[in-house]
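File shown: final29.cif. Contents: mmCIF, C-alpha atoms.
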```cif
data_run
#
loop_
_atom_site.label_atom_id
_atom_site.label_comp_id
_atom_site.auth_asym_id
_atom_site.auth_seq_id
_atom_site.Cartn_x
_atom_site.Cartn_y
_atom_site.Cartn_z
CA MET A 1 191.76 249.53 154.79
CA HIS A 2 194.90 248.84 156.75
CA ILE A 3 196.25 245.29 156.70
CA VAL A 4 198.10 244.06 159.79
CA ASN A 5 201.64 242.85 159.12
CA ALA A 6 201.67 244.29 155.60
CA PRO A 7 204.41 246.82 154.86
CA SER A 8 202.55 250.07 155.44
CA GLU A 9 204.49 252.04 152.85
CA ALA A 10 203.68 249.64 150.08
CA VAL A 11 200.01 249.64 151.09
CA ALA A 12 199.98 253.39 151.09
CA ASP A 13 201.43 253.38 147.58
CA VAL A 14 198.85 251.08 146.14
CA ASN A 15 195.98 252.80 147.92
CA THR A 16 196.33 256.00 145.96
CA ALA A 17 193.31 255.93 143.70
CA ALA A 18 194.83 258.12 141.03
CA ALA A 19 197.95 255.98 140.63
CA PRO A 20 197.95 253.45 137.81
CA PHE A 21 197.46 249.80 138.78
CA ASP A 22 200.87 248.45 139.80
CA ILE A 23 200.77 244.68 140.09
CA GLU A 24 204.44 244.46 141.02
CA ALA A 25 204.09 246.74 144.04
CA LEU A 26 201.03 244.80 145.17
CA PHE A 27 202.80 241.52 144.66
CA ARG A 28 205.85 242.54 146.66
CA ALA A 29 203.67 243.94 149.47
CA HIS A 30 201.19 241.08 149.84
CA TYR A 31 202.48 237.93 148.17
CA SER A 32 204.16 236.43 151.24
CA ARG A 33 201.10 236.83 153.39
CA VAL A 34 198.75 235.51 150.73
CA ALA A 35 200.99 232.46 150.27
CA ARG A 36 201.17 231.87 154.03
CA ILE A 37 197.36 232.02 154.37
CA ILE A 38 197.05 229.34 151.71
CA GLU A 39 199.89 227.29 153.18
CA ARG A 40 198.22 227.14 156.59
CA VAL A 41 195.45 224.99 155.21
CA VAL A 42 197.05 223.37 152.17
CA ARG A 43 200.24 222.35 154.07
CA ASP A 44 202.22 222.09 150.84
CA ARG A 45 204.58 225.00 150.35
CA GLY A 46 205.24 224.47 146.65
CA ARG A 47 201.53 224.17 145.91
CA SER A 48 200.77 227.18 148.11
CA GLU A 49 203.22 229.32 146.14
CA GLU A 50 201.56 228.26 142.89
CA LEU A 51 198.07 228.98 144.22
CA ALA A 52 199.19 232.39 145.52
CA VAL A 53 200.59 233.25 142.08
CA GLU A 54 197.22 232.24 140.60
CA VAL A 55 195.48 234.65 142.99
CA PHE A 56 197.57 237.53 141.60
CA LEU A 57 197.00 236.33 138.05
CA LYS A 58 193.25 236.41 138.68
CA LEU A 59 193.62 239.96 140.00
CA TRP A 60 195.58 241.00 136.91
CA ARG A 61 192.92 239.51 134.61
CA ASN A 62 189.96 240.91 136.56
CA LYS A 63 189.81 244.67 135.84
CA ASN A 64 186.81 245.09 138.16
CA ALA A 65 188.91 243.91 141.11
CA GLN A 66 191.57 246.55 140.48
CA HIS A 67 189.88 249.19 142.60
CA GLU A 68 190.98 250.97 145.74
CA ASN A 69 189.89 248.06 147.95
CA VAL A 70 192.15 245.68 146.09
CA GLU A 71 193.76 244.24 149.25
CA ALA A 72 190.43 243.08 150.63
CA TRP A 73 189.78 241.38 147.30
CA LEU A 74 193.21 239.71 147.45
CA TYR A 75 192.75 238.24 150.92
CA ARG A 76 189.18 237.17 150.20
CA VAL A 77 190.33 235.25 147.15
CA ALA A 78 193.36 233.90 149.03
CA VAL A 79 191.25 232.43 151.83
CA ARG A 80 188.78 230.99 149.33
CA THR A 81 191.63 229.50 147.27
CA GLY A 82 193.14 227.94 150.38
CA ILE A 83 189.86 226.31 151.38
CA ASP A 84 189.24 225.09 147.84
CA GLY A 85 192.74 223.62 147.78
CA LEU A 86 192.12 221.89 151.10
CA ARG A 87 188.83 220.44 149.86
CA ARG A 88 190.52 219.12 146.73
CA GLN A 89 193.22 217.50 148.86
CA THR A 90 190.61 215.86 151.10
CA CYS A 91 188.75 214.58 148.07
CA ARG A 92 191.95 213.22 146.52
CA ALA A 93 192.96 211.58 149.81
CA HIS A 94 189.59 209.86 149.93
CA TYR A 95 190.04 208.41 146.44
CA GLU A 96 193.60 207.43 147.19
CA LYS A 97 192.37 205.56 150.25
CA VAL A 98 189.88 203.67 148.08
CA LEU A 99 192.60 202.96 145.51
CA ALA A 100 195.01 201.80 148.19
CA TRP A 101 192.38 199.28 149.29
CA ILE A 102 192.20 197.94 145.74
CA ARG A 103 195.94 198.22 145.01
CA PRO A 104 198.02 198.45 148.22
CA SER A 105 201.15 200.56 147.88
CA SER A 106 204.37 199.60 149.61
CA ALA A 107 206.02 203.01 149.15
CA PRO A 108 207.16 204.62 152.43
CA PRO A 109 205.68 208.04 153.34
CA ASN A 110 207.63 210.98 151.92
CA PRO A 111 209.00 213.81 154.12
CA GLU A 112 206.03 216.04 153.22
CA GLN A 113 203.62 213.39 154.46
CA LEU A 114 205.64 212.95 157.63
CA HIS A 115 205.62 216.71 158.11
CA SER A 116 201.86 216.82 157.86
CA ALA A 117 201.42 213.93 160.26
CA ASN A 118 200.67 216.24 163.15
CA GLU A 119 197.43 214.79 164.46
CA GLU A 120 195.76 217.92 165.79
CA GLN A 121 196.65 219.82 162.65
CA GLU A 122 195.04 217.11 160.53
CA ARG A 123 191.90 217.16 162.66
CA VAL A 124 191.52 220.92 162.24
CA ARG A 125 192.10 220.66 158.52
CA SER A 126 189.55 217.87 158.16
CA ILE A 127 186.93 220.01 159.96
CA LEU A 128 187.72 223.06 157.82
CA ALA A 129 187.38 220.95 154.69
CA VAL A 130 183.85 219.83 155.51
CA MET A 131 182.34 222.83 157.26
CA ASN A 132 180.49 225.71 155.59
CA PRO A 133 183.18 227.51 153.48
CA ARG A 134 181.98 230.90 154.75
CA HIS A 135 182.50 229.80 158.36
CA ALA A 136 185.89 228.32 157.46
CA GLN A 137 186.88 231.69 155.91
CA PHE A 138 185.94 233.48 159.15
CA LEU A 139 188.01 231.15 161.29
CA LEU A 140 191.01 231.28 158.98
CA LEU A 141 191.03 235.06 158.79
CA ARG A 142 190.65 235.38 162.56
CA SER A 143 193.45 232.91 163.17
CA GLN A 144 195.63 235.09 160.90
CA ASP A 145 195.16 238.00 163.35
CA PHE A 146 192.95 240.08 161.10
CA THR A 147 190.84 242.51 163.15
CA TYR A 148 187.03 242.45 163.00
CA ASP A 149 187.05 245.51 160.72
CA GLU A 150 189.53 243.90 158.38
CA VAL A 151 187.53 240.66 158.27
CA ALA A 152 184.42 242.73 157.49
CA ALA A 153 186.25 244.56 154.68
CA ILE A 154 187.67 241.34 153.23
CA LEU A 155 184.35 239.48 153.27
CA ASN A 156 182.26 242.51 152.30
CA LEU A 157 180.19 242.42 155.48
CA ASN A 158 178.81 244.89 157.97
CA PRO A 159 181.44 245.21 160.75
CA ALA A 160 178.63 245.18 163.34
CA SER A 161 177.64 241.63 162.38
CA ILE A 162 181.13 240.14 162.45
CA GLY A 163 181.00 239.17 166.12
CA THR A 164 177.78 237.21 165.69
CA GLN A 165 178.92 235.52 162.52
CA LEU A 166 182.27 234.58 163.98
CA SER A 167 180.48 233.06 166.98
CA ARG A 168 178.36 230.96 164.64
CA ALA A 169 181.47 229.81 162.79
CA GLN A 170 183.19 228.87 166.06
CA GLU A 171 180.15 226.99 167.29
CA SER A 172 179.85 225.17 164.01
CA PHE A 173 183.54 224.19 164.20
CA ARG A 174 183.19 223.00 167.81
CA LYS A 175 180.12 220.88 167.07
CA GLU A 176 181.75 219.22 164.10
CA TYR A 177 184.94 218.61 166.04
CA ILE A 178 183.12 217.01 168.99
CA LYS A 179 180.99 214.94 166.63
CA ARG A 180 184.10 213.52 165.00
CA TYR A 181 186.65 213.31 167.80
CA GLY A 182 184.69 213.65 171.04
CA ARG A 183 185.37 216.12 173.90
CA GLU A 184 189.10 216.56 174.34
CA MET B 1 173.04 227.69 171.41
CA ASP B 2 171.25 230.76 170.13
CA GLY B 3 173.06 231.83 166.97
CA ASN B 4 172.49 235.55 167.66
CA LYS B 5 174.36 235.43 170.95
CA LEU B 6 178.10 235.47 171.24
CA ASN B 7 179.89 232.35 172.42
CA SER B 8 181.36 232.12 175.86
CA PRO B 9 185.03 233.07 176.14
CA GLN B 10 185.79 229.41 176.85
CA VAL B 11 184.39 228.37 173.47
CA ASN B 12 186.33 231.15 171.76
CA SER B 13 189.58 230.19 173.36
CA TRP B 14 188.90 226.50 172.75
CA VAL B 15 188.45 227.15 168.99
CA ASP B 16 191.42 229.52 168.87
CA GLU B 17 193.54 226.88 170.54
CA ARG B 18 192.51 224.29 167.96
CA MET B 19 193.08 226.73 165.09
CA SER B 20 196.53 227.54 166.39
CA ALA B 21 197.48 223.96 165.52
CA LEU B 22 197.69 225.20 161.94
CA ASN B 23 200.73 227.31 162.84
CA SER B 24 203.79 225.39 161.81
CA GLY B 25 206.00 227.17 164.29
CA GLU B 26 208.47 228.40 161.68
CA ASN B 27 208.04 231.68 159.92
CA TRP B 28 208.03 230.46 156.34
CA GLN B 29 208.98 233.03 153.72
CA PRO B 30 208.04 232.19 150.15
CA ASN B 31 210.50 233.18 147.45
CA VAL B 32 208.87 236.40 146.20
CA GLN B 33 211.41 236.99 143.45
CA VAL B 34 210.98 233.57 141.83
CA CYS B 35 207.21 233.67 142.24
CA PHE B 36 206.98 237.11 140.63
CA ALA B 37 208.96 235.79 137.66
CA ARG B 38 206.42 232.95 137.45
CA LEU B 39 203.57 235.46 137.45
CA GLN B 40 205.25 237.46 134.66
CA LYS B 41 205.59 234.29 132.59
CA LEU B 42 201.93 233.38 133.11
CA ARG B 43 200.90 236.93 132.19
CA SER B 44 202.81 236.81 128.91
CA THR B 45 201.25 233.41 128.08
CA THR B 46 197.80 234.82 128.81
CA ASN B 47 198.59 237.82 126.62
CA TRP B 48 199.57 235.54 123.77
CA ILE B 49 196.41 233.44 124.17
CA GLY B 50 194.37 236.64 124.12
CA ARG B 51 196.04 237.84 120.91
CA ARG B 52 195.60 234.44 119.30
CA THR B 53 191.90 234.38 120.22
CA VAL B 54 191.42 237.84 118.70
CA LEU B 55 193.24 236.76 115.53
CA LEU B 56 191.15 233.61 115.19
CA ALA B 57 187.92 235.51 115.79
CA THR B 58 188.89 238.11 113.17
CA ALA B 59 189.77 235.41 110.64
CA ALA B 60 186.46 233.63 111.26
CA ALA B 61 184.49 236.89 110.89
CA ALA B 62 186.35 237.69 107.65
CA ALA B 63 185.61 234.23 106.26
CA ILE B 64 181.90 234.59 107.08
CA CYS B 65 181.79 238.08 105.48
CA LEU B 66 183.52 236.82 102.32
CA SER B 67 181.16 233.88 101.98
CA ILE B 68 178.16 236.20 102.41
CA MET B 69 179.63 238.55 99.80
CA ALA B 70 179.88 235.63 97.36
CA TYR B 71 176.09 235.52 97.56
CA PRO B 72 175.19 239.19 97.27
CA SER B 73 171.61 238.91 98.31
CA PRO B 74 170.40 236.74 101.16
CA LYS B 75 167.27 236.04 99.10
CA VAL B 76 169.37 234.63 96.26
CA PHE B 77 171.34 232.60 98.73
CA ALA B 78 168.16 231.25 100.33
CA ARG B 79 166.69 230.44 96.91
CA ARG B 80 169.82 228.52 95.96
CA CYS B 81 169.74 226.60 99.23
CA ILE B 82 166.10 225.67 98.69
CA ALA B 83 166.79 224.60 95.11
CA GLU B 84 169.70 222.41 96.25
CA CYS B 85 167.57 220.88 99.00
CA ALA B 86 164.79 220.16 96.48
CA VAL B 87 167.24 218.38 94.16
CA MET B 88 168.62 216.36 97.07
CA TRP B 89 165.14 215.40 98.21
CA GLN B 90 164.17 214.44 94.68
CA ASN B 91 167.25 212.26 94.32
CA LEU B 92 166.49 210.58 97.63
CA SER B 93 162.89 209.93 96.69
CA LEU B 94 164.03 208.58 93.32
CA SER B 95 165.78 205.64 94.87
CA ALA B 96 162.54 204.70 96.63
CA ARG B 97 160.42 205.21 93.54
CA ALA B 98 162.86 203.20 91.42
CA GLN B 99 161.54 200.08 93.05
CA THR B 100 158.02 200.63 91.72
CA HIS B 101 156.94 198.38 88.92
CA LEU B 102 154.99 199.06 85.75
CA THR B 103 151.24 199.36 85.96
CA PRO B 104 149.72 195.87 85.42
CA GLU B 105 148.60 195.41 81.83
CA ASN B 106 144.91 195.10 82.73
CA ALA B 107 144.98 198.36 84.72
CA ARG B 108 146.55 200.54 82.03
CA TYR B 109 144.52 203.19 80.23
CA ALA B 110 144.88 204.62 76.74
CA ALA B 111 147.43 207.38 76.34
CA PRO B 112 146.04 210.75 75.18
CA ASP B 113 146.72 211.02 71.47
CA PHE B 114 148.33 214.04 69.85
CA ILE B 115 149.74 215.18 66.54
CA LEU B 116 152.34 217.95 66.74
CA LYS B 117 154.94 219.31 64.36
CA ASP B 118 158.66 218.79 64.92
CA ALA B 119 161.51 221.19 64.03
CA ASN B 120 161.34 220.06 60.38
CA ASP B 121 157.59 220.72 60.26
CA LYS B 122 156.89 217.01 60.17
CA ASN B 123 153.82 215.67 62.00
CA ILE B 124 154.61 213.53 64.98
CA GLY B 125 151.61 211.66 66.41
CA LEU B 126 151.32 209.10 69.19
CA SER B 127 148.80 206.96 67.33
CA GLU B 128 151.34 206.59 64.51
CA GLN B 129 153.64 204.74 66.92
CA LYS B 130 151.25 201.85 67.51
CA GLY B 131 153.18 198.62 68.01
CA LYS B 132 156.12 200.50 69.45
CA VAL B 133 157.08 201.41 72.99
CA VAL B 134 156.98 205.20 73.34
CA LEU B 135 158.75 207.30 75.93
CA VAL B 136 156.98 210.66 76.12
CA ASN B 137 159.03 213.28 77.91
CA PHE B 138 157.69 216.70 78.87
CA TRP B 139 160.59 219.09 79.26
CA ALA B 140 161.71 222.73 78.89
CA THR B 141 164.98 224.47 78.06
CA TRP B 142 164.98 226.26 81.44
CA CYS B 143 164.44 223.06 83.46
CA HIS B 144 167.72 221.78 84.99
CA GLY B 145 166.35 218.33 85.85
CA CYS B 146 165.22 217.91 82.23
CA GLN B 147 168.72 218.69 80.92
CA LEU B 148 170.05 216.01 83.23
CA GLU B 149 167.90 213.20 81.80
CA ILE B 150 167.86 214.11 78.07
CA PRO B 151 171.30 212.49 77.44
CA TRP B 152 169.91 209.25 78.95
CA PHE B 153 166.92 209.35 76.55
CA ILE B 154 169.32 209.93 73.64
CA GLU B 155 171.18 206.83 74.80
CA PHE B 156 167.96 204.77 75.12
CA GLN B 157 166.83 205.87 71.65
CA LYS B 158 170.12 204.77 70.17
CA LYS B 159 170.25 201.49 72.07
CA TYR B 160 166.63 200.29 71.74
CA GLU B 161 165.48 201.90 68.46
CA LYS B 162 165.78 198.65 66.59
CA GLN B 163 163.78 196.80 69.25
CA GLY B 164 160.92 199.28 68.83
CA LEU B 165 161.51 202.21 71.17
CA VAL B 166 160.52 205.73 70.19
CA VAL B 167 161.32 208.74 72.36
CA ILE B 168 159.26 211.89 71.87
CA GLY B 169 160.28 215.09 73.60
CA ILE B 170 157.46 217.59 74.19
CA SER B 171 158.81 221.03 75.00
CA MET B 172 156.70 223.22 77.27
CA ASP B 173 158.66 226.44 76.64
CA ASP B 174 156.26 229.39 76.48
CA ASP B 175 158.01 230.95 73.50
CA GLY B 176 158.08 227.64 71.59
CA TRP B 177 160.62 227.25 68.82
CA LYS B 178 162.23 230.59 69.63
CA SER B 179 163.94 228.97 72.61
CA VAL B 180 163.89 225.36 71.50
CA ARG B 181 165.46 225.76 68.05
CA PRO B 182 168.75 227.29 69.26
CA TRP B 183 168.86 224.64 71.97
CA LEU B 184 168.36 221.89 69.36
CA ASN B 185 171.13 223.34 67.20
CA GLU B 186 173.43 223.11 70.15
CA LYS B 187 172.52 219.57 71.28
CA ARG B 188 172.53 216.46 69.17
CA VAL B 189 169.14 215.01 69.96
CA ASN B 190 168.39 211.82 68.01
CA TYR B 191 164.64 211.73 68.65
CA PRO B 192 161.79 214.02 67.60
CA ILE B 193 161.11 217.16 69.61
CA VAL B 194 157.73 218.88 69.39
CA ILE B 195 156.21 221.93 71.07
CA GLY B 196 153.47 221.04 73.52
CA ASN B 197 150.41 222.96 74.74
CA GLN B 198 148.51 223.25 78.00
CA PRO B 199 145.46 221.06 77.05
CA LEU B 200 147.82 218.20 76.16
CA ALA B 201 149.82 218.72 79.34
CA ASP B 202 146.60 218.61 81.37
CA ARG B 203 145.60 215.33 79.76
CA PHE B 204 148.92 213.80 80.86
CA GLY B 205 148.45 215.29 84.33
CA LEU B 206 151.49 217.52 84.07
CA ASP B 207 151.86 219.53 87.27
CA GLY B 208 155.64 219.66 87.45
CA MET B 209 158.69 219.36 85.26
CA PRO B 210 160.02 217.00 84.00
CA LEU B 211 157.36 214.35 83.42
CA THR B 212 158.07 211.05 81.67
CA ALA B 213 155.39 208.62 80.50
CA LEU B 214 156.03 205.14 79.13
CA VAL B 215 153.44 203.98 76.58
CA ASP B 216 153.28 200.28 75.77
CA ARG B 217 152.95 198.68 72.34
CA ASP B 218 149.14 198.85 72.69
CA GLY B 219 149.19 202.63 73.14
CA LYS B 220 148.42 202.44 76.87
CA ILE B 221 150.25 204.26 79.63
CA ALA B 222 152.38 201.77 81.56
CA ASP B 223 154.20 204.26 83.77
CA VAL B 224 154.21 207.98 84.59
CA HIS B 225 157.04 209.57 86.51
CA LEU B 226 157.11 213.14 87.77
CA GLY B 227 160.61 214.51 88.34
CA VAL B 228 164.00 213.31 87.22
CA VAL B 229 163.84 209.61 86.37
CA ASP B 230 166.17 206.97 87.71
CA LYS B 231 168.19 205.93 84.70
CA ASP B 232 168.64 202.25 85.57
CA ALA B 233 165.06 201.75 86.71
CA THR B 234 163.71 203.43 83.56
CA GLU B 235 165.93 201.29 81.37
CA LYS B 236 164.62 198.15 83.08
CA LYS B 237 161.04 199.30 82.54
CA ILE B 238 161.76 199.96 78.84
CA GLN B 239 163.31 196.50 78.50
CA SER B 240 160.30 194.98 80.20
CA LEU B 241 157.87 196.84 77.91
CA LEU B 242 159.85 195.89 74.81
CA GLN B 243 159.45 192.23 75.78
CA GLU B 244 155.68 192.57 75.97
CA LYS B 245 153.75 191.47 72.89
CA ILE B 246 150.91 193.29 71.17
CA ARG B 247 147.62 191.96 72.46
CA ARG B 248 145.34 193.46 69.82
#
```
Could you render the structure from this file as structure tokens?
Amino acid sequence: MHIVNAPSEAVADVNTAAAPFDIEALFRAHYSRVARIIERVVRDRGRSEELAVEVFLKLWRNKNAQHENVEAWLYRVAVRTGIDGLRRQTCRAHYEKVLAWIRPSSAPPNPEQLHSANEEQERVRSILAVMNPRHAQFLLLRSQDFTYDEVAAILNLNPASIGTQLSRAQESFRKEYIKRYGRE
Amino acid sequence: MDGNKLNSPQVNSWVDERMSALNSGENWQPNVQVCFARLQKLRSTTNWIGRRTVLLATAAAAAICLSIMAYPSPKVFARRCIAECAVMWQNLSLSARAQTHLTPENARYAAPDFILKDANDKNIGLSEQKGKVVLVNFWATWCHGCQLEIPWFIEFQKKYEKQGLVVIGISMDDDGWKSVRPWLNEKRVNYPIVIGNQPLADRFGLDGMPLTALVDRDGKIADVHLGVVDKDATEKKIQSLLQEKIRR
């Protein structure tokens, strides 16, 4: 599999089946992209870095994942980790809202909160947090410029069915968006 | 919309447009060097946890093996467990039985009489003890429960002899004096010990060891206890019987 935007030489190195598993080479070749995928939904750079490190730690612990299709595994886990992180954030925000009602806080919003105040961004994130995780994975991978073949490799699917499944994911997103925010 | 059909290009572009809101506009570059150092640190911690888990598991397995080796045969081990459980159960049941009172005087029946020889070849008979309270104890040298209560009977004999208590120990050892005599030489028993027989045991209803019967001053059985007696309860029963008067 060839990953767009990944340094091709590094990918070529790690793709050699006979070579021993080199976590450092993989890390240097894919870490930035993995972290960026997570950051797109989590919107917290520090937390995204931590989650991306955890993805590589999982890979290092999981011997079964250390096969020739290791990159697909990495991006699959990265997208899943990002969506899980987003869901946790949404859940926490909900409880914080309830707590704020009980115990109002007078603290001003921090720069991170101000940064994430982009309304459209928040709407998209809220839809991704509630929709079918599989559909959310499709949309995230597509928005990261992965080709259909790459999405199929990452999600372990038949490339022929990607178009249909992506359409379903888009339709699901659109319906949820209109239900929540109306036609805009 | 039919899920098997592709969306219109308008829908696709509409969703893509919304999704593009996730782009922050700046090309953020995470610090790969620092993050790789963090990964290395986590890996070494995980390694250490793994080694510690293996060490703990090995230690636990060794401890289990050693404890099994202390009991060479599982059968022996099981037998010991059962024996311990039986003793525990007996002790528990004792506390409940300790509350039971003596048989009412009008419901008592005559104790089976016997005349047996003690270690000095002297005849010991139950009918000879008329007017006294007699504690008849069936025991054996191999019975652990019996060994537990014999010191209490020695104490009772010493304490209540003058008030009219007689303790008689009836050994049920198969080889008779061959086992009992060395045992007697070792222990200082202050009451007569005789060798029993099966017909006598049957008459007392002996179906387990030890068995202790309390005979009142009229020669009637006031209490029979199978198993290890409760010392305090037995002493109270003896005191109660000693206070009874001869009716005939």
_chain B contacts on chain A, only C-alpha atoms, 9 Å, as a PyMOL selection string_ = chain A and resi 24+27-28+31-33+35-36+40-41+43+45-46+49-50+52-54+56-57+60-61+118+120-125+139-140+142-143+163-168+170-171+173-174
_Just checking: using all atoms listed in the file, which residue out of A:Asn69, A:Asn62, A:Thr147, A:Asn132 ends up closest to Asp84 (chain A)?_
A:Asn132
*Rank A:Leu141, A:Val70, A:Ala78, A:Met131 by their smallest atom-to-atom distance to Val34 (chain A), using all atoms listed in the file, and report the top residue only.*
A:Ala78
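Note that CA of Pro210 (chain B) and CA of Ser171 (chain B) are 9.9 Å apart.
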*Given the choices A:Ser172, A:Ser126, A:Thr81, A:Glu119, which gets closest to His94 (chain A) if the distance is worked out from only C-alpha atoms?*
A:Ser126
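Here CA of Leu59 (chain A) is placed at a distance of 8.6 Å from CA of Ile23 (chain A).
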*asked:* I need the output of the PyMOL selection byres ((chain B and resi 167) around 12) for this file as a count of residues only; which residues are they?
replied: 40
Cut-off 10 Å around (154.4, 227.9, 67.1) with all atoms listed in the file: residues as an mmCIF file with C-alpha atoms, keeping the file's coordinate frame:
```cif
data_model
loop_
_atom_site.group_PDB
_atom_site.id
_atom_site.type_symbol
_atom_site.label_atom_id
_atom_site.label_comp_id
_atom_site.auth_asym_id
_atom_site.auth_seq_id
_atom_site.Cartn_x
_atom_site.Cartn_y
_atom_site.Cartn_z
ATOM 1 C CA LYS B 117 154.940 219.310 64.360
ATOM 2 C CA ASP B 174 156.260 229.390 76.480
ATOM 3 C CA ASP B 175 158.010 230.950 73.500
ATOM 4 C CA GLY B 176 158.080 227.640 71.590
ATOM 5 C CA TRP B 177 160.620 227.250 68.820
ATOM 6 C CA LYS B 178 162.230 230.590 69.630
ATOM 7 C CA VAL B 194 157.730 218.880 69.390
ATOM 8 C CA ILE B 195 156.210 221.930 71.070
ATOM 9 C CA GLY B 196 153.470 221.040 73.520
ATOM 10 C CA ASN B 197 150.410 222.960 74.740
#
```
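Put simply, CA of Trp142 (chain B) is 20.3 Å away from CA of Phe204 (chain B).
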*Once you count all atoms listed in the file, which residues end up no further than 9 Å from (153.9, 207.0, 85.9) in the file's frame, shown as a PyMOL selection string?*
chain B and resi 102-103+211-214+221-226
Taking C-alpha atoms for each residue, export the selection above as a PDB file, in the coordinates of the input.
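Everything below was put into out_23.pdb:
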```pdb
ATOM      1  CA  LEU B 102     154.990 199.060  85.750  1.00  0.00           C
ATOM      2  CA  THR B 103     151.240 199.360  85.960  1.00  0.00           C
ATOM      3  CA  LEU B 211     157.360 214.350  83.420  1.00  0.00           C
ATOM      4  CA  THR B 212     158.070 211.050  81.670  1.00  0.00           C
ATOM      5  CA  ALA B 213     155.390 208.620  80.500  1.00  0.00           C
ATOM      6  CA  LEU B 214     156.030 205.140  79.130  1.00  0.00           C
ATOM      7  CA  ILE B 221     150.250 204.260  79.630  1.00  0.00           C
ATOM      8  CA  ALA B 222     152.380 201.770  81.560  1.00  0.00           C
ATOM      9  CA  ASP B 223     154.200 204.260  83.770  1.00  0.00           C
ATOM     10  CA  VAL B 224     154.210 207.980  84.590  1.00  0.00           C
ATOM     11  CA  HIS B 225     157.040 209.570  86.510  1.00  0.00           C
ATOM     12  CA  LEU B 226     157.110 213.140  87.770  1.00  0.00           C
TER      13      LEU B 226
END
```
